Structure formats: C-alpha cells, structure tokens
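> work_33.txt is reproduced below (compact mmCIF, N, CA and C atoms).
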```txt
# COMPACT_ATOMS: atom_id res chain seq x y z
N MET K 1 -129.17 -75.56 -11.94
CA MET K 1 -129.03 -75.93 -10.55
C MET K 1 -130.41 -75.79 -9.89
N LEU K 2 -130.81 -76.83 -9.24
CA LEU K 2 -132.06 -76.84 -8.47
C LEU K 2 -131.69 -76.82 -7.00
N VAL K 3 -132.10 -75.76 -6.30
CA VAL K 3 -131.84 -75.66 -4.86
C VAL K 3 -133.16 -75.89 -4.15
N ILE K 4 -133.20 -76.95 -3.32
CA ILE K 4 -134.36 -77.23 -2.50
C ILE K 4 -133.92 -76.98 -1.07
N ALA K 5 -134.54 -76.00 -0.43
CA ALA K 5 -134.13 -75.60 0.91
C ALA K 5 -135.27 -75.75 1.89
N GLY K 6 -134.91 -76.09 3.10
CA GLY K 6 -135.90 -76.07 4.16
C GLY K 6 -136.19 -74.63 4.52
N GLY K 7 -137.42 -74.36 4.80
CA GLY K 7 -137.79 -73.00 5.16
C GLY K 7 -138.27 -72.93 6.59
N VAL K 8 -138.40 -71.72 7.08
CA VAL K 8 -138.85 -71.53 8.46
C VAL K 8 -140.32 -71.92 8.58
N ARG K 9 -140.72 -72.22 9.79
CA ARG K 9 -142.11 -72.59 10.04
C ARG K 9 -143.03 -71.44 9.64
N ARG K 10 -144.10 -71.77 9.01
CA ARG K 10 -145.09 -70.77 8.59
C ARG K 10 -146.32 -70.79 9.49
N ASP K 11 -146.34 -71.73 10.42
CA ASP K 11 -147.52 -71.87 11.28
C ASP K 11 -147.37 -71.16 12.63
N THR K 12 -146.31 -70.35 12.80
CA THR K 12 -146.10 -69.66 14.08
C THR K 12 -146.48 -68.19 14.02
N GLY K 13 -146.75 -67.69 12.82
CA GLY K 13 -147.08 -66.28 12.68
C GLY K 13 -145.88 -65.38 12.56
N ARG K 14 -144.70 -65.94 12.66
CA ARG K 14 -143.48 -65.14 12.53
C ARG K 14 -142.94 -65.28 11.11
N ARG K 15 -142.38 -64.18 10.60
CA ARG K 15 -141.78 -64.22 9.26
C ARG K 15 -140.29 -63.97 9.38
N TYR K 16 -139.54 -64.49 8.46
CA TYR K 16 -138.09 -64.27 8.35
C TYR K 16 -137.35 -64.66 9.63
N GLN K 17 -137.67 -65.83 10.16
CA GLN K 17 -136.99 -66.28 11.37
C GLN K 17 -135.53 -66.64 11.10
N LEU K 18 -135.21 -66.92 9.86
CA LEU K 18 -133.86 -67.31 9.50
C LEU K 18 -133.02 -66.06 9.26
N HIS K 19 -132.45 -65.54 10.29
CA HIS K 19 -131.59 -64.35 10.22
C HIS K 19 -132.35 -63.13 9.69
N ASP K 20 -133.64 -63.11 9.85
CA ASP K 20 -134.47 -62.00 9.37
C ASP K 20 -134.24 -61.70 7.89
N VAL K 21 -134.13 -62.74 7.08
CA VAL K 21 -133.88 -62.58 5.66
C VAL K 21 -135.05 -63.15 4.86
N ASP K 22 -135.54 -62.38 3.90
CA ASP K 22 -136.53 -62.87 2.96
C ASP K 22 -135.75 -63.53 1.83
N GLN K 23 -135.63 -64.87 1.88
CA GLN K 23 -134.81 -65.60 0.91
C GLN K 23 -135.28 -65.38 -0.52
N HIS K 24 -136.58 -65.30 -0.73
CA HIS K 24 -137.11 -65.14 -2.08
C HIS K 24 -136.75 -63.77 -2.66
N ALA K 25 -136.85 -62.73 -1.85
CA ALA K 25 -136.47 -61.39 -2.32
C ALA K 25 -134.99 -61.34 -2.64
N MET K 26 -134.18 -62.04 -1.87
CA MET K 26 -132.74 -62.05 -2.08
C MET K 26 -132.37 -62.86 -3.34
N LEU K 27 -133.06 -63.97 -3.57
CA LEU K 27 -132.70 -64.86 -4.67
C LEU K 27 -133.39 -64.56 -5.99
N ARG K 28 -134.51 -63.85 -5.95
CA ARG K 28 -135.27 -63.57 -7.17
C ARG K 28 -134.41 -62.94 -8.27
N PRO K 29 -133.56 -61.96 -7.97
CA PRO K 29 -132.78 -61.34 -9.05
C PRO K 29 -131.68 -62.23 -9.65
N ILE K 30 -131.29 -63.28 -8.95
CA ILE K 30 -130.17 -64.10 -9.44
C ILE K 30 -130.59 -65.52 -9.83
N THR K 31 -131.89 -65.78 -9.86
CA THR K 31 -132.38 -67.09 -10.28
C THR K 31 -133.42 -66.92 -11.38
N LYS K 32 -133.74 -68.04 -12.02
CA LYS K 32 -134.80 -68.01 -13.03
C LYS K 32 -136.17 -68.08 -12.38
N GLY K 33 -136.22 -68.46 -11.11
CA GLY K 33 -137.49 -68.51 -10.40
C GLY K 33 -137.32 -68.99 -8.98
N THR K 34 -138.25 -68.59 -8.11
CA THR K 34 -138.28 -69.08 -6.74
C THR K 34 -139.71 -69.50 -6.42
N TRP K 35 -139.85 -70.54 -5.63
CA TRP K 35 -141.16 -71.05 -5.24
C TRP K 35 -141.19 -71.30 -3.75
N LEU K 36 -142.32 -71.05 -3.15
CA LEU K 36 -142.58 -71.38 -1.75
C LEU K 36 -143.72 -72.38 -1.74
N VAL K 37 -143.44 -73.59 -1.27
CA VAL K 37 -144.46 -74.63 -1.22
C VAL K 37 -145.26 -74.44 0.06
N THR K 38 -146.59 -74.39 -0.05
CA THR K 38 -147.44 -74.16 1.12
C THR K 38 -148.35 -75.34 1.43
N ARG K 39 -148.41 -76.33 0.53
CA ARG K 39 -149.26 -77.51 0.77
C ARG K 39 -148.49 -78.76 0.37
N HIS K 40 -148.72 -79.84 1.08
CA HIS K 40 -148.06 -81.10 0.75
C HIS K 40 -148.30 -81.50 -0.69
N ALA K 41 -149.52 -81.32 -1.16
CA ALA K 41 -149.88 -81.73 -2.52
C ALA K 41 -149.12 -80.94 -3.59
N ASP K 42 -148.50 -79.83 -3.21
CA ASP K 42 -147.78 -79.01 -4.19
C ASP K 42 -146.28 -79.30 -4.25
N VAL K 43 -145.77 -80.16 -3.38
CA VAL K 43 -144.32 -80.39 -3.34
C VAL K 43 -143.82 -80.93 -4.68
N ILE K 44 -144.36 -82.05 -5.12
CA ILE K 44 -143.86 -82.69 -6.34
C ILE K 44 -144.13 -81.83 -7.58
N PRO K 45 -145.36 -81.32 -7.79
CA PRO K 45 -145.56 -80.48 -8.97
C PRO K 45 -144.67 -79.23 -8.98
N THR K 46 -144.39 -78.67 -7.82
CA THR K 46 -143.54 -77.49 -7.75
C THR K 46 -142.11 -77.83 -8.14
N ILE K 47 -141.61 -78.96 -7.66
CA ILE K 47 -140.25 -79.37 -8.02
C ILE K 47 -140.16 -79.65 -9.52
N TYR K 48 -141.17 -80.32 -10.08
CA TYR K 48 -141.17 -80.58 -11.53
C TYR K 48 -141.19 -79.26 -12.31
N GLU K 49 -141.97 -78.29 -11.86
CA GLU K 49 -142.04 -77.00 -12.54
C GLU K 49 -140.70 -76.27 -12.42
N ALA K 50 -140.08 -76.34 -11.26
CA ALA K 50 -138.79 -75.69 -11.07
C ALA K 50 -137.73 -76.30 -12.00
N VAL K 51 -137.73 -77.62 -12.13
CA VAL K 51 -136.78 -78.28 -13.03
C VAL K 51 -137.06 -77.87 -14.48
N ARG K 52 -138.33 -77.80 -14.85
CA ARG K 52 -138.68 -77.39 -16.20
C ARG K 52 -138.15 -75.99 -16.50
N VAL K 53 -138.36 -75.07 -15.56
CA VAL K 53 -137.89 -73.69 -15.75
C VAL K 53 -136.36 -73.65 -15.79
N ALA K 54 -135.71 -74.40 -14.90
CA ALA K 54 -134.24 -74.39 -14.83
C ALA K 54 -133.60 -74.90 -16.12
N THR K 55 -134.24 -75.86 -16.77
CA THR K 55 -133.63 -76.49 -17.94
C THR K 55 -134.16 -75.97 -19.27
N SER K 56 -135.17 -75.11 -19.25
CA SER K 56 -135.71 -74.60 -20.51
C SER K 56 -134.98 -73.33 -20.93
N GLY K 57 -134.91 -73.14 -22.24
CA GLY K 57 -134.22 -71.95 -22.74
C GLY K 57 -132.78 -71.92 -22.27
N GLU K 58 -132.35 -70.77 -21.81
CA GLU K 58 -131.01 -70.66 -21.23
C GLU K 58 -131.06 -71.28 -19.85
N PRO K 59 -130.33 -72.40 -19.60
CA PRO K 59 -130.39 -73.04 -18.28
C PRO K 59 -129.95 -72.08 -17.18
N GLY K 60 -130.54 -72.23 -16.02
CA GLY K 60 -130.16 -71.38 -14.90
C GLY K 60 -130.68 -71.91 -13.58
N PRO K 61 -130.23 -71.32 -12.48
CA PRO K 61 -130.60 -71.80 -11.15
C PRO K 61 -132.03 -71.43 -10.77
N VAL K 62 -132.63 -72.30 -9.97
CA VAL K 62 -133.97 -72.06 -9.41
C VAL K 62 -133.93 -72.43 -7.92
N PHE K 63 -134.90 -71.91 -7.17
CA PHE K 63 -134.93 -72.10 -5.72
C PHE K 63 -136.33 -72.51 -5.30
N VAL K 64 -136.43 -73.61 -4.53
CA VAL K 64 -137.69 -74.08 -3.98
C VAL K 64 -137.54 -74.17 -2.47
N GLU K 65 -138.44 -73.48 -1.76
CA GLU K 65 -138.43 -73.52 -0.29
C GLU K 65 -139.58 -74.40 0.19
N ILE K 66 -139.25 -75.37 1.04
CA ILE K 66 -140.26 -76.22 1.66
C ILE K 66 -140.19 -75.97 3.16
N PRO K 67 -141.16 -75.23 3.70
CA PRO K 67 -141.13 -74.88 5.12
C PRO K 67 -141.08 -76.11 6.02
N VAL K 68 -140.43 -75.96 7.17
CA VAL K 68 -140.24 -77.08 8.08
C VAL K 68 -141.57 -77.63 8.60
N ASP K 69 -142.62 -76.79 8.72
CA ASP K 69 -143.89 -77.34 9.20
C ASP K 69 -144.45 -78.36 8.22
N LEU K 70 -144.18 -78.23 6.92
CA LEU K 70 -144.59 -79.26 5.96
C LEU K 70 -143.72 -80.49 6.10
N GLN K 71 -142.46 -80.29 6.43
CA GLN K 71 -141.56 -81.43 6.58
C GLN K 71 -141.84 -82.24 7.84
N LEU K 72 -142.31 -81.57 8.90
CA LEU K 72 -142.54 -82.24 10.17
C LEU K 72 -143.87 -82.98 10.25
N MET K 73 -144.84 -82.53 9.48
CA MET K 73 -146.17 -83.14 9.56
C MET K 73 -146.46 -83.93 8.29
N THR K 74 -147.07 -85.07 8.50
CA THR K 74 -147.47 -85.84 7.33
C THR K 74 -148.67 -85.17 6.69
N GLY K 75 -148.78 -85.33 5.44
CA GLY K 75 -149.88 -84.73 4.70
C GLY K 75 -150.17 -85.54 3.46
N ASP K 76 -151.29 -85.27 2.86
CA ASP K 76 -151.69 -85.98 1.66
C ASP K 76 -150.99 -85.35 0.45
N PRO K 77 -150.14 -86.10 -0.23
CA PRO K 77 -149.46 -85.53 -1.39
C PRO K 77 -150.36 -85.47 -2.62
N GLY K 78 -151.56 -85.96 -2.51
CA GLY K 78 -152.47 -85.93 -3.65
C GLY K 78 -152.20 -87.11 -4.57
N PRO K 79 -152.80 -87.09 -5.76
CA PRO K 79 -152.61 -88.21 -6.70
C PRO K 79 -151.18 -88.27 -7.21
N ALA K 80 -150.84 -89.45 -7.73
CA ALA K 80 -149.49 -89.62 -8.27
C ALA K 80 -149.27 -88.64 -9.43
N HIS K 81 -148.05 -88.18 -9.54
CA HIS K 81 -147.71 -87.22 -10.58
C HIS K 81 -146.83 -87.90 -11.61
N GLU K 82 -147.11 -87.66 -12.87
CA GLU K 82 -146.29 -88.23 -13.93
C GLU K 82 -144.97 -87.48 -13.99
N ARG K 83 -143.91 -88.25 -14.05
CA ARG K 83 -142.58 -87.65 -14.09
C ARG K 83 -142.34 -87.07 -15.49
N PRO K 84 -141.91 -85.81 -15.56
CA PRO K 84 -141.63 -85.24 -16.88
C PRO K 84 -140.40 -85.88 -17.50
N GLY K 85 -140.36 -85.92 -18.81
CA GLY K 85 -139.23 -86.50 -19.52
C GLY K 85 -138.00 -85.62 -19.41
N PRO K 86 -136.83 -86.20 -19.64
CA PRO K 86 -135.60 -85.42 -19.54
C PRO K 86 -135.53 -84.41 -20.68
N VAL K 87 -134.84 -83.32 -20.42
CA VAL K 87 -134.62 -82.29 -21.43
C VAL K 87 -133.29 -82.59 -22.08
N LYS K 88 -133.31 -82.81 -23.39
CA LYS K 88 -132.08 -83.11 -24.11
C LYS K 88 -131.56 -81.83 -24.75
N PRO K 89 -130.29 -81.50 -24.50
CA PRO K 89 -129.73 -80.30 -25.11
C PRO K 89 -129.62 -80.50 -26.62
N PRO K 90 -129.57 -79.43 -27.36
CA PRO K 90 -129.43 -79.57 -28.81
C PRO K 90 -128.11 -80.24 -29.16
N ASP K 91 -128.11 -81.02 -30.25
CA ASP K 91 -126.88 -81.69 -30.66
C ASP K 91 -126.10 -80.86 -31.68
N HIS K 92 -126.45 -79.60 -31.77
CA HIS K 92 -125.78 -78.71 -32.70
C HIS K 92 -125.61 -77.34 -32.03
N CYS K 93 -124.86 -76.49 -32.64
CA CYS K 93 -124.70 -75.16 -32.09
C CYS K 93 -125.09 -74.12 -33.12
N VAL K 94 -125.38 -72.96 -32.66
CA VAL K 94 -125.66 -71.85 -33.55
C VAL K 94 -124.32 -71.35 -34.09
N PRO K 95 -124.21 -71.17 -35.40
CA PRO K 95 -122.93 -70.71 -35.94
C PRO K 95 -122.43 -69.46 -35.19
N GLY K 96 -121.17 -69.52 -34.82
CA GLY K 96 -120.57 -68.39 -34.13
C GLY K 96 -120.49 -68.56 -32.63
N GLN K 97 -121.35 -69.42 -32.04
CA GLN K 97 -121.35 -69.57 -30.58
C GLN K 97 -120.06 -70.22 -30.07
N VAL K 98 -119.62 -71.29 -30.72
CA VAL K 98 -118.40 -71.96 -30.28
C VAL K 98 -117.21 -71.03 -30.45
N GLU K 99 -117.16 -70.35 -31.58
CA GLU K 99 -116.05 -69.43 -31.84
C GLU K 99 -116.03 -68.31 -30.81
N GLU K 100 -117.20 -67.76 -30.47
CA GLU K 100 -117.27 -66.68 -29.48
C GLU K 100 -116.83 -67.18 -28.11
N ALA K 101 -117.31 -68.37 -27.71
CA ALA K 101 -116.90 -68.94 -26.42
C ALA K 101 -115.39 -69.19 -26.41
N ALA K 102 -114.87 -69.70 -27.51
CA ALA K 102 -113.43 -69.96 -27.60
C ALA K 102 -112.63 -68.66 -27.54
N ARG K 103 -113.13 -67.60 -28.20
CA ARG K 103 -112.44 -66.31 -28.18
C ARG K 103 -112.37 -65.77 -26.76
N ILE K 104 -113.48 -65.83 -26.04
CA ILE K 104 -113.53 -65.34 -24.66
C ILE K 104 -112.58 -66.16 -23.78
N LEU K 105 -112.61 -67.49 -23.95
CA LEU K 105 -111.76 -68.37 -23.16
C LEU K 105 -110.28 -68.11 -23.46
N ALA K 106 -109.94 -67.97 -24.74
CA ALA K 106 -108.54 -67.74 -25.12
C ALA K 106 -108.04 -66.39 -24.61
N ALA K 107 -108.92 -65.41 -24.47
CA ALA K 107 -108.52 -64.08 -24.01
C ALA K 107 -108.45 -63.98 -22.48
N ALA K 108 -108.92 -65.00 -21.79
CA ALA K 108 -108.95 -64.96 -20.32
C ALA K 108 -107.54 -65.04 -19.74
N LYS K 109 -107.33 -64.37 -18.61
CA LYS K 109 -106.04 -64.40 -17.94
C LYS K 109 -105.77 -65.77 -17.32
N SER K 110 -106.82 -66.36 -16.75
CA SER K 110 -106.70 -67.69 -16.14
C SER K 110 -107.82 -68.58 -16.69
N PRO K 111 -107.67 -69.05 -17.93
CA PRO K 111 -108.76 -69.80 -18.56
C PRO K 111 -108.98 -71.17 -17.92
N GLY K 112 -110.19 -71.60 -18.00
CA GLY K 112 -110.55 -72.92 -17.51
C GLY K 112 -111.96 -73.25 -17.96
N ILE K 113 -112.23 -74.53 -18.07
CA ILE K 113 -113.58 -74.99 -18.43
C ILE K 113 -114.05 -75.90 -17.31
N PHE K 114 -115.11 -75.53 -16.66
CA PHE K 114 -115.71 -76.34 -15.60
C PHE K 114 -117.04 -76.86 -16.13
N VAL K 115 -117.16 -78.15 -16.28
CA VAL K 115 -118.35 -78.73 -16.89
C VAL K 115 -118.99 -79.70 -15.91
N GLY K 116 -120.27 -79.49 -15.64
CA GLY K 116 -121.00 -80.37 -14.74
C GLY K 116 -121.76 -81.44 -15.50
N TRP K 117 -122.48 -82.25 -14.76
CA TRP K 117 -123.23 -83.37 -15.33
C TRP K 117 -124.28 -82.89 -16.33
N GLY K 118 -124.74 -81.65 -16.22
CA GLY K 118 -125.72 -81.13 -17.16
C GLY K 118 -125.22 -81.07 -18.58
N ALA K 119 -123.92 -81.15 -18.79
CA ALA K 119 -123.33 -81.12 -20.12
C ALA K 119 -122.97 -82.50 -20.64
N VAL K 120 -123.47 -83.53 -19.99
CA VAL K 120 -123.10 -84.90 -20.36
C VAL K 120 -123.42 -85.20 -21.82
N ASP K 121 -124.48 -84.65 -22.35
CA ASP K 121 -124.85 -84.89 -23.74
C ASP K 121 -124.27 -83.85 -24.69
N ALA K 122 -123.47 -82.93 -24.17
CA ALA K 122 -122.88 -81.88 -25.01
C ALA K 122 -121.36 -81.98 -25.03
N SER K 123 -120.84 -83.18 -24.81
CA SER K 123 -119.38 -83.33 -24.72
C SER K 123 -118.70 -82.94 -26.03
N GLY K 124 -119.35 -83.15 -27.15
CA GLY K 124 -118.76 -82.76 -28.42
C GLY K 124 -118.59 -81.26 -28.54
N LEU K 125 -119.61 -80.51 -28.09
CA LEU K 125 -119.51 -79.05 -28.13
C LEU K 125 -118.48 -78.53 -27.14
N VAL K 126 -118.40 -79.15 -25.97
CA VAL K 126 -117.38 -78.73 -24.98
C VAL K 126 -115.99 -78.98 -25.54
N ALA K 127 -115.79 -80.13 -26.18
CA ALA K 127 -114.50 -80.44 -26.78
C ALA K 127 -114.18 -79.45 -27.90
N ALA K 128 -115.19 -79.06 -28.67
CA ALA K 128 -114.99 -78.09 -29.75
C ALA K 128 -114.56 -76.73 -29.18
N ILE K 129 -115.19 -76.32 -28.09
CA ILE K 129 -114.81 -75.04 -27.47
C ILE K 129 -113.38 -75.11 -26.95
N ALA K 130 -113.02 -76.22 -26.30
CA ALA K 130 -111.67 -76.37 -25.77
C ALA K 130 -110.65 -76.36 -26.91
N SER K 131 -110.93 -77.09 -27.98
CA SER K 131 -110.01 -77.14 -29.12
C SER K 131 -109.88 -75.79 -29.79
N ALA K 132 -111.01 -75.12 -29.99
CA ALA K 132 -110.98 -73.83 -30.66
C ALA K 132 -110.28 -72.77 -29.83
N SER K 133 -110.39 -72.86 -28.51
CA SER K 133 -109.71 -71.86 -27.68
C SER K 133 -108.21 -72.10 -27.65
N ALA K 134 -107.80 -73.35 -27.86
CA ALA K 134 -106.37 -73.66 -27.92
C ALA K 134 -105.81 -73.25 -29.27
N ARG K 135 -106.63 -73.37 -30.32
CA ARG K 135 -106.23 -72.98 -31.67
C ARG K 135 -107.34 -72.14 -32.27
N PRO K 136 -107.36 -70.83 -31.98
CA PRO K 136 -108.47 -69.97 -32.42
C PRO K 136 -108.77 -69.98 -33.91
N SER K 137 -107.84 -70.42 -34.76
CA SER K 137 -108.11 -70.41 -36.19
C SER K 137 -109.02 -71.56 -36.61
N ARG K 138 -109.16 -72.57 -35.79
CA ARG K 138 -110.02 -73.71 -36.12
C ARG K 138 -111.47 -73.31 -36.01
N ARG K 139 -112.34 -73.76 -36.91
CA ARG K 139 -113.76 -73.38 -36.92
C ARG K 139 -114.60 -74.66 -36.78
N PRO K 140 -114.89 -75.11 -35.53
CA PRO K 140 -115.61 -76.38 -35.33
C PRO K 140 -117.11 -76.30 -35.62
N CYS K 141 -117.71 -75.14 -35.62
CA CYS K 141 -119.16 -75.03 -35.81
C CYS K 141 -119.43 -74.36 -37.15
N ARG K 142 -120.06 -75.07 -38.04
CA ARG K 142 -120.34 -74.53 -39.36
C ARG K 142 -121.83 -74.34 -39.54
N ALA K 143 -122.20 -73.41 -40.39
CA ALA K 143 -123.62 -73.12 -40.67
C ALA K 143 -124.24 -74.28 -41.42
```
With the file now loaded, output its structure as structure tokens.

Amino acid sequence: MLVIAGGVRRDTGRRYQLHDVDQHAMLRPITKGTWLVTRHADVIPTIYEAVRVATSGEPGPVFVEIPVDLQLMTGDPGPAHERPGPVKPPDHCVPGQVEEAARILAAAKSPGIFVGWGAVDASGLVAAIASASARPSRRPCRA
C-alpha cells in the first residue's frame, strides 16, 4: 500500500499543525518507510523509491507526505524520470508456505481470504491456499 498524503505547510515555521501529530513518528513503526518531500524535484523520485520499498522483499505499506506549500506553488520538477518496471511476484512458493498459510486459515474461528490487486499474478497460489485450507491433507506446493 502506497499512502500519499498532503502535509501541513512547512513555510510558516509551525510544526505539527495537523492535530499536533508528527505523522512520521506515528507511522514509522507500522510501515516499511516514510518520506517527507521538501522539493518539487523530489516528488517523482520519492514516489518511485517508496513503491520500490513497498514491493520489494516482504510487501508492506509506505507513507509519502507532500506538504501543501509544494502543492500550492508551481516548481521545477527537474528532468524527466524513467518509470521503474513493474515488480513481478514469484511464480512459485517456498515449500511449506502454502501449507502453513492453509493451516492458519483452517484453524481460524472466522476464516476468510481478502486479496487485492497486488495478488493479480499470484492467483494460482491464492487458489492453492484456499484449496489446502478447505482440505488440509492436500499438498499444493512441492519442493
């Protein structure tokens, strides 16, 4: 999940105008990273970096704050930036992962699978987890 939020003005000398909350301190422990954009030229590279971090390794949420003073004033975004290529999830699983996910799901009091667009290329693995949790003896992922 990539969260891009408007931030408070940084050109007034006041900090934490938004309910006196430091958003980065609050979000740092529950995200893979937080960024504060301070120049127009850094908007696009920062978003690309945030997406890279969010989708690399274990996927997770990231937070990018773009202060309102940058949004209100035009600025030079710098040279064009090359768009990074999409991150493709692996088309295989590590032996034991599907079985472990299925075991946890089957043991849940109110089981459910919520899958977002980020799993569009992993539909086979999601189906394997769903099938294995319905029939725990089935072993969809082999070494």
> I need the residue nearest K:Gly78 from this list: K:Ala130, K:Ile44, K:Val94, K:Val53. Use only C-alpha atoms for the distance.
K:Ile44
> Write out as JSON, numbers by chain the set of residues from stretch 20-117 of chain K that DSSP, computed on the backbone, places in helix (DSSP H, G or I).
{"K": [23, 24, 25, 26, 27, 28, 29, 30, 40, 41, 42, 43, 44, 45, 46, 47, 48, 49, 50, 51, 52, 53, 54, 55, 68, 69, 70, 71, 72, 97, 98, 99, 100, 101, 102, 103, 104, 105, 106, 107, 117]}
> What is the atom CA of K:His40 to atom C of K:Gly13 distance in Å?
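According to the coordinates, atom CA of K:His40 and atom C of K:Gly13 are separated by 19.8 Å.
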> As a count of residues only, please: all residues of stretch 2-123 of chain K that backbone DSSP puts in strand (DSSP E or B).
16
> In Å, with one decimal, what is the gap from atom CA of K:Ile4 to atom CA of K:Pro59?
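Between atom CA of K:Ile4 and atom CA of K:Pro59 the gap works out to 16.8 Å.
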> For a cutoff of 8 Å around the file-coordinate point (-130.2, -73.6, -9.3), which residues qualify once you count all atoms listed in the file? I'd like the result as a ChimeraX atom specification.
/K:1-4,31-32,54,60-64
> For atom N of K:Ala134 and atom C of K:Pro95, quote the distance in Å rounded to one decimal.
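Between atom N of K:Ala134 and atom C of K:Pro95 the gap works out to 16.8 Å.
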> Name the residues in contact with stretch 99-107 of chain K at a cut-off of 6 Å, using only C-alpha atoms, excluding same-chain residues fewer than 3 positions from it; report them as JSON, numbers by chain.
{"K": [96, 111, 129, 132, 133]}
> Of the residues K:Gly112, K:Ala127, K:Arg39, K:Asp121, which is the one nearest to K:Val68, using only C-alpha atoms?
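Distance minimum relative to K:Val68 lands on K:Arg39.
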> Looking at K:Glu49, K:Glu82, K:Asp22, K:Glu65, which one is nearest to K:Trp35, with distances taken over all atoms listed in the file?
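That would be K:Glu65, the residue with the smallest distance to K:Trp35.
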> Pick the closest to K:Leu36 from K:Val120, K:Val8, K:Ile113, K:Leu72: which is it, counting only C-alpha atoms?
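Closest to K:Leu36 of all the choices is K:Val8.
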